[in-house]
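target39.cif (mmCIF, C-alpha atoms)
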data_model
loop_
_atom_site.label_atom_id
_atom_site.label_comp_id
_atom_site.auth_asym_id
_atom_site.auth_seq_id
_atom_site.Cartn_x
_atom_site.Cartn_y
_atom_site.Cartn_z
CA MET A 1 29.65 40.37 27.68
CA GLY A 2 29.43 39.49 31.36
CA LEU A 3 26.10 38.74 32.95
CA ALA A 4 26.04 39.01 36.74
CA ILE A 5 23.72 36.16 37.59
CA THR A 6 23.77 34.47 40.98
CA PRO A 7 24.55 30.78 40.42
CA ILE A 8 22.22 28.17 41.89
CA ASN A 9 23.50 25.01 43.56
CA ARG A 10 20.58 23.22 45.17
CA ASP A 11 19.23 19.71 45.52
CA GLY A 12 21.90 18.32 43.21
CA VAL A 13 21.27 20.92 40.51
CA LEU A 14 23.81 23.51 39.38
CA MET A 15 22.75 26.47 37.24
CA LYS A 16 25.32 29.08 36.30
CA VAL A 17 26.18 31.56 33.55
CA GLN A 18 29.61 31.92 31.97
CA LYS A 19 30.00 34.39 29.11
CA ASP A 20 27.23 33.61 26.61
CA THR A 21 26.33 30.19 28.01
CA ILE A 22 23.96 29.00 30.72
CA TYR A 23 25.09 25.69 32.19
CA ILE A 24 22.49 23.43 33.80
CA SER A 25 23.70 20.18 35.32
CA GLY A 26 22.56 17.51 37.76
CA SER A 27 19.09 16.07 37.94
CA ILE A 28 15.97 18.25 38.03
CA ASP A 29 13.52 15.87 39.60
CA ASN A 30 12.56 17.79 42.70
CA GLN A 31 8.96 18.33 43.73
CA ASN A 32 9.23 22.11 43.41
CA PRO A 33 12.03 23.06 41.01
CA GLU A 34 10.30 26.43 40.55
CA SER A 35 11.68 27.43 43.97
CA TYR A 36 15.14 27.85 42.44
CA MET A 37 14.50 27.86 38.68
CA THR A 38 12.03 30.77 38.69
CA PRO A 39 14.33 33.27 40.47
CA PHE A 40 17.35 32.19 38.42
CA LEU A 41 15.59 32.39 35.05
CA SER A 42 13.83 35.67 35.95
CA GLU A 43 17.11 37.33 36.92
CA LEU A 44 18.71 35.94 33.79
CA HIS A 45 15.90 37.17 31.54
CA GLU A 46 16.05 40.70 32.97
CA ASN A 47 19.85 40.80 32.62
CA ILE A 48 19.78 39.57 29.03
CA ILE A 49 17.28 42.27 28.06
CA GLU A 50 19.14 45.01 29.96
CA ASN A 51 22.33 44.07 28.13
CA GLY A 52 20.61 43.91 24.73
CA ILE A 53 21.79 40.33 24.15
CA LYS A 54 20.23 38.59 21.16
CA GLU A 55 21.43 35.03 21.63
CA MET A 56 22.31 32.71 24.53
CA LYS A 57 23.41 29.09 24.66
CA VAL A 58 21.95 26.67 27.19
CA ASP A 59 24.30 23.78 27.80
CA ILE A 60 22.37 20.85 29.28
CA ARG A 61 24.88 18.15 28.36
CA LYS A 62 25.40 17.32 32.03
CA LEU A 63 21.71 17.41 32.92
CA ASP A 64 20.76 13.82 33.67
CA PHE A 65 17.04 14.28 34.09
CA LEU A 66 14.34 16.93 33.81
CA ASN A 67 10.84 16.36 35.12
CA SER A 68 7.68 18.01 33.82
CA SER A 69 7.80 20.60 36.63
CA GLY A 70 11.25 21.60 35.36
CA ILE A 71 9.99 21.66 31.77
CA LYS A 72 7.21 23.97 32.93
CA GLU A 73 9.83 26.45 34.17
CA LEU A 74 11.54 26.42 30.76
CA VAL A 75 8.13 26.95 29.11
CA VAL A 76 7.50 29.98 31.34
CA TRP A 77 10.89 31.37 30.29
CA VAL A 78 10.23 30.85 26.57
CA MET A 79 6.76 32.39 26.82
CA LYS A 80 8.21 35.37 28.68
CA ILE A 81 10.64 35.99 25.80
CA ASN A 82 7.76 35.52 23.37
CA GLU A 83 5.76 38.28 25.06
CA GLU A 84 8.57 40.83 24.83
CA ASP A 85 8.66 43.53 22.14
CA GLU A 86 10.39 42.36 18.97
CA ASN A 87 13.51 44.45 19.67
CA LYS A 88 13.93 42.80 23.07
CA LYS A 89 13.43 39.20 22.03
CA TYR A 90 16.44 36.87 22.08
CA ARG A 91 17.17 33.36 20.92
CA ILE A 92 18.11 30.42 23.15
CA ASN A 93 20.16 27.64 21.62
CA PHE A 94 20.16 24.36 23.53
CA ILE A 95 23.28 22.21 23.47
CA CYS A 96 22.22 18.61 24.10
CA ASN A 97 24.01 15.38 24.94
CA ASP A 98 23.21 12.75 22.32
CA ASN A 99 23.94 9.99 24.85
CA LEU A 100 20.97 11.16 26.90
CA ASN A 101 18.07 10.25 24.64
CA TRP A 102 15.44 12.23 26.54
CA GLN A 103 17.16 15.57 25.92
CA ARG A 104 16.41 16.05 22.23
CA SER A 105 12.86 14.72 22.52
CA SER A 106 12.06 16.91 25.53
CA ILE A 107 13.69 20.09 24.27
CA SER A 108 12.45 19.75 20.68
CA THR A 109 8.91 20.18 22.00
CA LEU A 110 9.87 23.66 23.23
CA GLU A 111 10.68 24.61 19.64
CA TYR A 112 6.96 24.35 18.88
CA LEU A 113 6.28 27.20 21.29
CA ASN A 114 8.32 29.50 19.05
CA ALA A 115 10.92 28.16 16.65
CA ASN A 116 12.38 31.67 16.30
CA ILE A 117 13.27 31.63 19.98
CA VAL A 118 14.20 28.02 20.77
CA LYS A 119 16.65 26.00 18.76
CA ILE A 120 18.67 22.85 19.36
CA VAL A 121 22.23 23.21 18.07
CA MET B 1 16.44 -12.36 35.42
CA HIS B 2 13.01 -13.21 34.07
CA ILE B 3 10.34 -14.46 36.40
CA GLU B 4 7.16 -15.98 35.06
CA ASN B 5 4.65 -14.16 37.24
CA GLU B 6 1.57 -14.50 35.05
CA PRO B 7 0.94 -16.87 32.17
CA GLY B 8 2.63 -15.60 29.04
CA VAL B 9 4.48 -12.66 30.56
CA LEU B 10 8.00 -12.09 31.78
CA GLY B 11 8.32 -10.14 35.01
CA TYR B 12 10.72 -7.28 35.34
CA PHE B 13 9.86 -5.96 38.72
CA ASP B 14 7.10 -5.24 41.17
CA ILE B 15 7.90 -2.91 44.03
CA THR B 16 5.91 -1.09 46.71
CA PHE B 17 7.33 1.80 48.69
CA GLY B 18 6.28 4.69 50.89
CA LYS B 19 5.33 8.20 49.81
CA VAL B 20 8.89 9.47 49.86
CA TRP B 21 10.09 11.71 47.04
CA ASP B 22 13.65 10.37 47.17
CA TYR B 23 12.42 6.93 46.11
CA ILE B 24 11.61 8.30 42.64
CA GLN B 25 15.26 8.69 41.65
CA ILE B 26 16.15 5.33 43.18
CA THR B 27 13.33 3.54 41.34
CA ARG B 28 14.14 5.34 38.09
CA GLY B 29 17.79 4.27 38.31
CA TYR B 30 16.85 0.72 39.21
CA LEU B 31 14.35 0.46 36.37
CA GLU B 32 16.90 1.86 33.91
CA ASN B 33 19.45 -0.77 34.93
CA VAL B 34 16.92 -3.61 34.80
CA LEU B 35 15.88 -2.58 31.29
CA LYS B 36 19.53 -2.34 30.19
CA ILE B 37 20.21 -5.87 31.45
CA ASN B 38 17.19 -7.10 29.55
CA LEU B 39 18.46 -5.72 26.25
CA VAL B 40 15.85 -3.05 25.79
CA GLU B 41 17.10 -0.43 23.31
CA LYS B 42 18.47 2.82 24.70
CA LYS B 43 15.80 5.01 23.08
CA ASP B 44 13.07 2.79 24.54
CA ILE B 45 14.68 2.82 27.98
CA ALA B 46 14.61 6.64 27.93
CA ARG B 47 10.90 6.84 27.12
CA ILE B 48 9.94 4.17 29.68
CA VAL B 49 12.02 5.80 32.40
CA ILE B 50 10.50 9.24 31.73
CA ALA B 51 7.01 7.75 31.97
CA ALA B 52 7.82 5.85 35.17
CA SER B 53 9.27 8.94 36.80
CA GLU B 54 6.28 11.13 35.89
CA LEU B 55 3.73 8.52 37.02
CA ILE B 56 5.52 7.88 40.32
CA GLU B 57 5.74 11.64 40.93
CA ASN B 58 1.97 11.91 40.44
CA SER B 59 1.37 8.95 42.76
CA ILE B 60 3.47 10.42 45.53
CA LYS B 61 1.95 13.89 45.10
CA TYR B 62 -1.68 12.82 45.04
CA SER B 63 -1.90 9.55 47.01
CA ASN B 64 -4.14 9.94 50.04
CA LYS B 65 -2.45 7.06 51.94
CA ASP B 66 1.04 5.67 52.18
CA GLY B 67 2.16 3.10 49.65
CA VAL B 68 2.93 3.40 45.95
CA ARG B 69 3.27 0.29 43.80
CA VAL B 70 5.19 0.11 40.52
CA LYS B 71 4.96 -2.92 38.27
CA VAL B 72 6.80 -3.43 34.99
CA ILE B 73 6.27 -6.49 32.83
CA ARG B 74 7.21 -7.49 29.31
CA ASN B 75 4.99 -9.54 27.11
CA PRO B 76 7.28 -11.43 24.72
CA LYS B 77 4.44 -12.36 22.38
CA THR B 78 3.36 -8.79 21.68
CA ASN B 79 6.78 -7.27 22.46
CA ASN B 80 5.08 -4.73 24.70
CA ILE B 81 6.28 -3.36 27.99
CA GLU B 82 3.57 -2.52 30.47
CA LEU B 83 4.26 -0.08 33.27
CA VAL B 84 1.59 0.21 35.96
CA VAL B 85 1.67 2.59 38.91
CA TYR B 86 -0.87 2.20 41.72
CA ASN B 87 -1.80 4.54 44.55
CA HIS B 88 -4.63 5.19 46.97
CA THR B 89 -7.02 7.96 46.06
CA THR B 90 -10.67 9.00 46.19
CA LYS B 91 -13.13 8.22 43.42
CA LYS B 92 -13.46 11.94 42.72
CA GLU B 93 -9.73 12.32 42.11
CA ALA B 94 -9.60 9.11 40.08
CA ASP B 95 -12.45 10.36 37.88
CA ILE B 96 -10.46 13.52 37.14
CA VAL B 97 -7.46 11.44 35.98
CA MET B 98 -9.65 9.11 33.89
CA ASP B 99 -11.48 12.06 32.27
CA ASN B 100 -8.13 13.70 31.58
CA LEU B 101 -6.86 10.56 29.83
CA GLN B 102 -10.08 10.23 27.87
CA GLN B 103 -9.76 13.80 26.57
CA MET B 104 -6.12 13.19 25.78
CA GLY B 105 -7.02 10.18 23.67
CA LYS B 106 -9.20 12.35 21.44
CA THR B 107 -6.48 14.82 20.41
CA ASP B 108 -3.10 14.73 18.75
CA PRO B 109 -0.49 13.99 21.49
CA LEU B 110 1.87 16.80 20.43
CA MET B 111 -0.87 19.41 20.06
CA HIS B 112 -2.34 18.44 23.43
CA TYR B 113 1.08 18.72 25.10
CA ILE B 114 1.77 22.14 23.52
CA THR B 115 -1.69 23.40 24.52
CA LEU B 116 -1.11 22.33 28.14
CA MET B 117 2.36 23.89 28.12
CA LYS B 118 0.83 27.24 27.12
CA LEU B 119 -1.98 26.90 29.67
CA THR B 120 0.39 26.00 32.47
CA VAL B 121 1.99 29.47 32.28
CA THR B 122 -1.25 31.15 33.37
CA ASN B 123 -2.85 28.28 35.28
CA LYS B 124 -1.56 28.25 38.85
CA ASP B 125 -3.26 24.91 39.58
CA LYS B 126 -0.59 22.36 40.47
CA LYS B 127 -2.53 19.63 38.64
CA SER B 128 -1.58 20.77 35.17
CA GLY B 129 -1.63 17.29 33.62
CA LEU B 130 1.66 18.14 31.95
CA GLY B 131 3.30 14.90 33.14
CA LEU B 132 0.62 12.70 31.55
CA ALA B 133 0.70 14.75 28.34
CA ARG B 134 4.48 14.34 28.27
CA ILE B 135 4.14 10.56 28.55
CA ASN B 136 1.49 10.55 25.84
CA HIS B 137 3.66 12.50 23.40
CA GLU B 138 7.30 11.97 24.33
CA SER B 139 7.13 8.42 25.63
CA GLN B 140 4.66 7.43 22.91
CA ALA B 141 2.80 5.31 25.43
CA LYS B 142 -0.81 4.30 25.37
CA LEU B 143 -2.26 5.42 28.71
CA HIS B 144 -5.15 3.88 30.56
CA ALA B 145 -6.44 4.30 34.12
CA GLU B 146 -8.73 2.19 36.26
CA TYR B 147 -10.20 2.70 39.71
CA LEU B 148 -10.74 -0.16 42.14
CA GLU B 149 -13.49 1.34 44.25
CA LYS B 150 -13.52 -1.31 46.99
CA ASP B 151 -9.79 -0.74 47.66
CA GLY B 152 -9.74 2.97 46.83
CA ILE B 153 -6.83 2.42 44.46
CA ILE B 154 -6.17 3.95 41.05
CA SER B 155 -3.89 2.20 38.59
CA VAL B 156 -2.41 4.12 35.67
CA LYS B 157 -1.01 1.94 32.94
CA ALA B 158 1.44 3.02 30.22
CA LEU B 159 1.83 0.56 27.39
CA PHE B 160 4.95 0.72 25.22
CA LYS B 161 5.28 -0.99 21.87
CA LEU B 162 8.95 -1.87 21.45
#

Final structure tokens representation of the file:
Amino acid sequence: MGLAITPINRDGVLMKVQKDTIYISGSIDNQNPESYMTPFLSELHENIIENGIKEMKVDIRKLDFLNSSGIKELVVWVMKINEEDENKKYRINFICNDNLNWQRSSISTLEYLNANIVKIV
Amino acid sequence: MHIENEPGVLGYFDITFGKVWDYIQITRGYLENVLKINLVEKKDIARIVIAASELIENSIKYSNKDGVRVKVIRNPKTNNIELVVYNHTTKKEADIVMDNLQQMGKTDPLMHYITLMKLTVTNKDKKSGLGLARINHESQAKLHAEYLEKDGIISVKALFKL
């Protein structure tokens, strides 16, 4: 599996895809993270569906901070998956850093949107 | 360092800065270090820092004049930490924030947060209230806002039980 997604390196945030894992690192505390998160996640979503992928990992272990505007972008992504036909839906498994206490509490809330889509591993 | 700034409370810090986005990260880092020095538990530091960051973001976004003030104090008797963020705004805008907090107080924090998350997907309004809902649920803080009409300043207080 090889997804051709353009990596993002902006305002101290790096977002890239390698094999079955999306790596997000840095600090998402910009005023408008949608300016780079929306195009990246949209391209990713389309590619995942085109390739019939059923599961992706999201490694945020090197993500130091995520503001509510960044959370909103992840919510949009999850809701987009949720709206797809059943055969197109895929699961996203978040890999968190237990030394960064905010990660589990912030990401666990996303599980309430659809626990069949979002999981913390 | 503890400074007695009001009877019965220990001061952590009180800082005023301009409406510059870059100051958020600096203040967040500084607050995190101050709390670490003062032996606040790691899980509590995380929830206080999230709340501070979200409140300062709101202040910078919506202040109608320069100048944002952040005050953090610890009351050793109640073992509470009080975070207060002040900014200039109109009464109309302050009323919106106060109404928002009042509504928030009537519902379950998690349910309110999830509801706003779902609404934010379709609602293009920048003022989603997601930051305040996040503080209410994730930071487990009691939120309260007041408007000083003569000064045109709103203060939003987040109270943390340690």

Listing only residues of chain A within 8 Å of chain B, what is the closest atom pair and its distance in Å (to one decimal) for each, using all atoms listed in the file, sorted by chain and residue number ascending, as CSV?
residue,atom,partner,partner_atom,distance
A:Asp29,CA,B:Gln25,CA,7.7
A:Asn30,CA,B:Trp21,CA,7.9
A:Gln31,CA,B:Trp21,CA,7.5
A:Asn67,CA,B:Glu54,CA,7.0
A:Ser68,CA,B:Gly131,CA,5.4
A:Lys72,CA,B:Met117,CA,6.8
A:Val75,CA,B:Met117,CA,6.6
A:Val76,CA,B:Val121,CA,5.6
A:Met79,CA,B:Val121,CA,7.8
A:Leu100,CA,B:Ala46,CA,7.9
A:Asn101,CA,B:Lys43,CA,5.9
A:Trp102,CA,B:Ala46,CA,5.8
A:Ser105,CA,B:Glu138,CA,6.5
A:Ser106,CA,B:Glu138,CA,7.0
A:Thr109,CA,B:Ile114,CA,7.6
A:Tyr112,CA,B:Ile114,CA,7.3
A:Leu113,CA,B:Ile114,CA,7.1

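Straight-line separation from CA of Phe94 in chain A to CA of Ser25 in chain A: 13.0 Å.
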
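Each of A:Asn99, A:Asn32, A:Asn82, A:Asn93 was compared to Ile120 in chain A using only C-alpha atoms, and A:Asn93 turns out to be the nearest.
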
Run the PyMOL selection byres ((chain B and resi 80) around 10) against the file shown and list the residues it catches, as a list in words. Val9, Ile73, Arg74, Asn75, Pro76, Lys77, Thr78, Asn79, Ile81, Glu82, Leu83, Leu159, Phe160, Lys161 and Leu162 of chain B

Now that the selection is made, can you save its residues with C-alpha atoms as a compact mmCIF listing (two decimals), in the frame of the given file?
# COMPACT_ATOMS: atom_id res chain seq x y z
CA VAL B 9 4.48 -12.66 30.56
CA ILE B 73 6.27 -6.49 32.83
CA ARG B 74 7.21 -7.49 29.31
CA ASN B 75 4.99 -9.54 27.11
CA PRO B 76 7.28 -11.43 24.72
CA LYS B 77 4.44 -12.36 22.38
CA THR B 78 3.36 -8.79 21.68
CA ASN B 79 6.78 -7.27 22.46
CA ILE B 81 6.28 -3.36 27.99
CA GLU B 82 3.57 -2.52 30.47
CA LEU B 83 4.26 -0.08 33.27
CA LEU B 159 1.83 0.56 27.39
CA PHE B 160 4.95 0.72 25.22
CA LYS B 161 5.28 -0.99 21.87
CA LEU B 162 8.95 -1.87 21.45

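Of the listed residues (B:Ile153, B:Ile26, B:Leu31, B:Ala145), B:Ala145 comes nearest to Leu101 in chain B; the distances count only C-alpha atoms.
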
The PyMOL selection byres ((chain A and resi 41-50) around 7) on the file shown: which residues, as number ranges by chain? A: 3, 5, 37-40, 51-53, 77, 88

On this structure, the PyMOL selection byres ((chain A and resi 14) around 12) would catch which residues? List them as a PyMOL selection string, sorted by chain and number. chain A and resi 6-13+15-17+22-28+33+36-37+40+59-60+62-64

Which polymer residues, whether protein, DNA or RNA, lie within 12 Å of the coordinate (5.7, -5.7, 43.2) when you count all atoms listed in the file? List them as a PDB file with C-alpha atoms, keeping the file's coordinate frame, using the chain letters and numbers from the file.
ATOM      1  CA  ASN B   5       4.650 -14.160  37.240  1.00  0.00           C
ATOM      2  CA  GLY B  11       8.320 -10.140  35.010  1.00  0.00           C
ATOM      3  CA  TYR B  12      10.720  -7.280  35.340  1.00  0.00           C
ATOM      4  CA  PHE B  13       9.860  -5.960  38.720  1.00  0.00           C
ATOM      5  CA  ASP B  14       7.100  -5.240  41.170  1.00  0.00           C
ATOM      6  CA  ILE B  15       7.900  -2.910  44.030  1.00  0.00           C
ATOM      7  CA  THR B  16       5.910  -1.090  46.710  1.00  0.00           C
ATOM      8  CA  PHE B  17       7.330   1.800  48.690  1.00  0.00           C
ATOM      9  CA  GLY B  67       2.160   3.100  49.650  1.00  0.00           C
ATOM     10  CA  VAL B  68       2.930   3.400  45.950  1.00  0.00           C
ATOM     11  CA  ARG B  69       3.270   0.290  43.800  1.00  0.00           C
ATOM     12  CA  VAL B  70       5.190   0.110  40.520  1.00  0.00           C
ATOM     13  CA  LYS B  71       4.960  -2.920  38.270  1.00  0.00           C
ATOM     14  CA  VAL B  72       6.800  -3.430  34.990  1.00  0.00           C
ATOM     15  CA  ILE B  73       6.270  -6.490  32.830  1.00  0.00           C
ATOM     16  CA  LEU B  83       4.260  -0.080  33.270  1.00  0.00           C
ATOM     17  CA  VAL B  84       1.590   0.210  35.960  1.00  0.00           C
ATOM     18  CA  VAL B  85       1.670   2.590  38.910  1.00  0.00           C
ATOM     19  CA  TYR B  86      -0.870   2.200  41.720  1.00  0.00           C
TER      20      TYR B  86
END

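Here CA of Val58 in chain A stands at a distance of 6.0 Å from CA of Ile95 in chain A.
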
Calculate, to one decimal in Å, the centre and edge lengths of the box along x, y and z of the file that holds all listed atoms of range 67-73 of chain B with 4 Å of margin on each side, and present them as AutoDock Vina command-line options.
--center_x 4.5 --center_y -1.5 --center_z 41.2 --size_x 12.6 --size_y 17.9 --size_z 24.8

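Here CA of Ser155 in chain B stands at a distance of 12.2 Å from CA of Thr90 in chain B.
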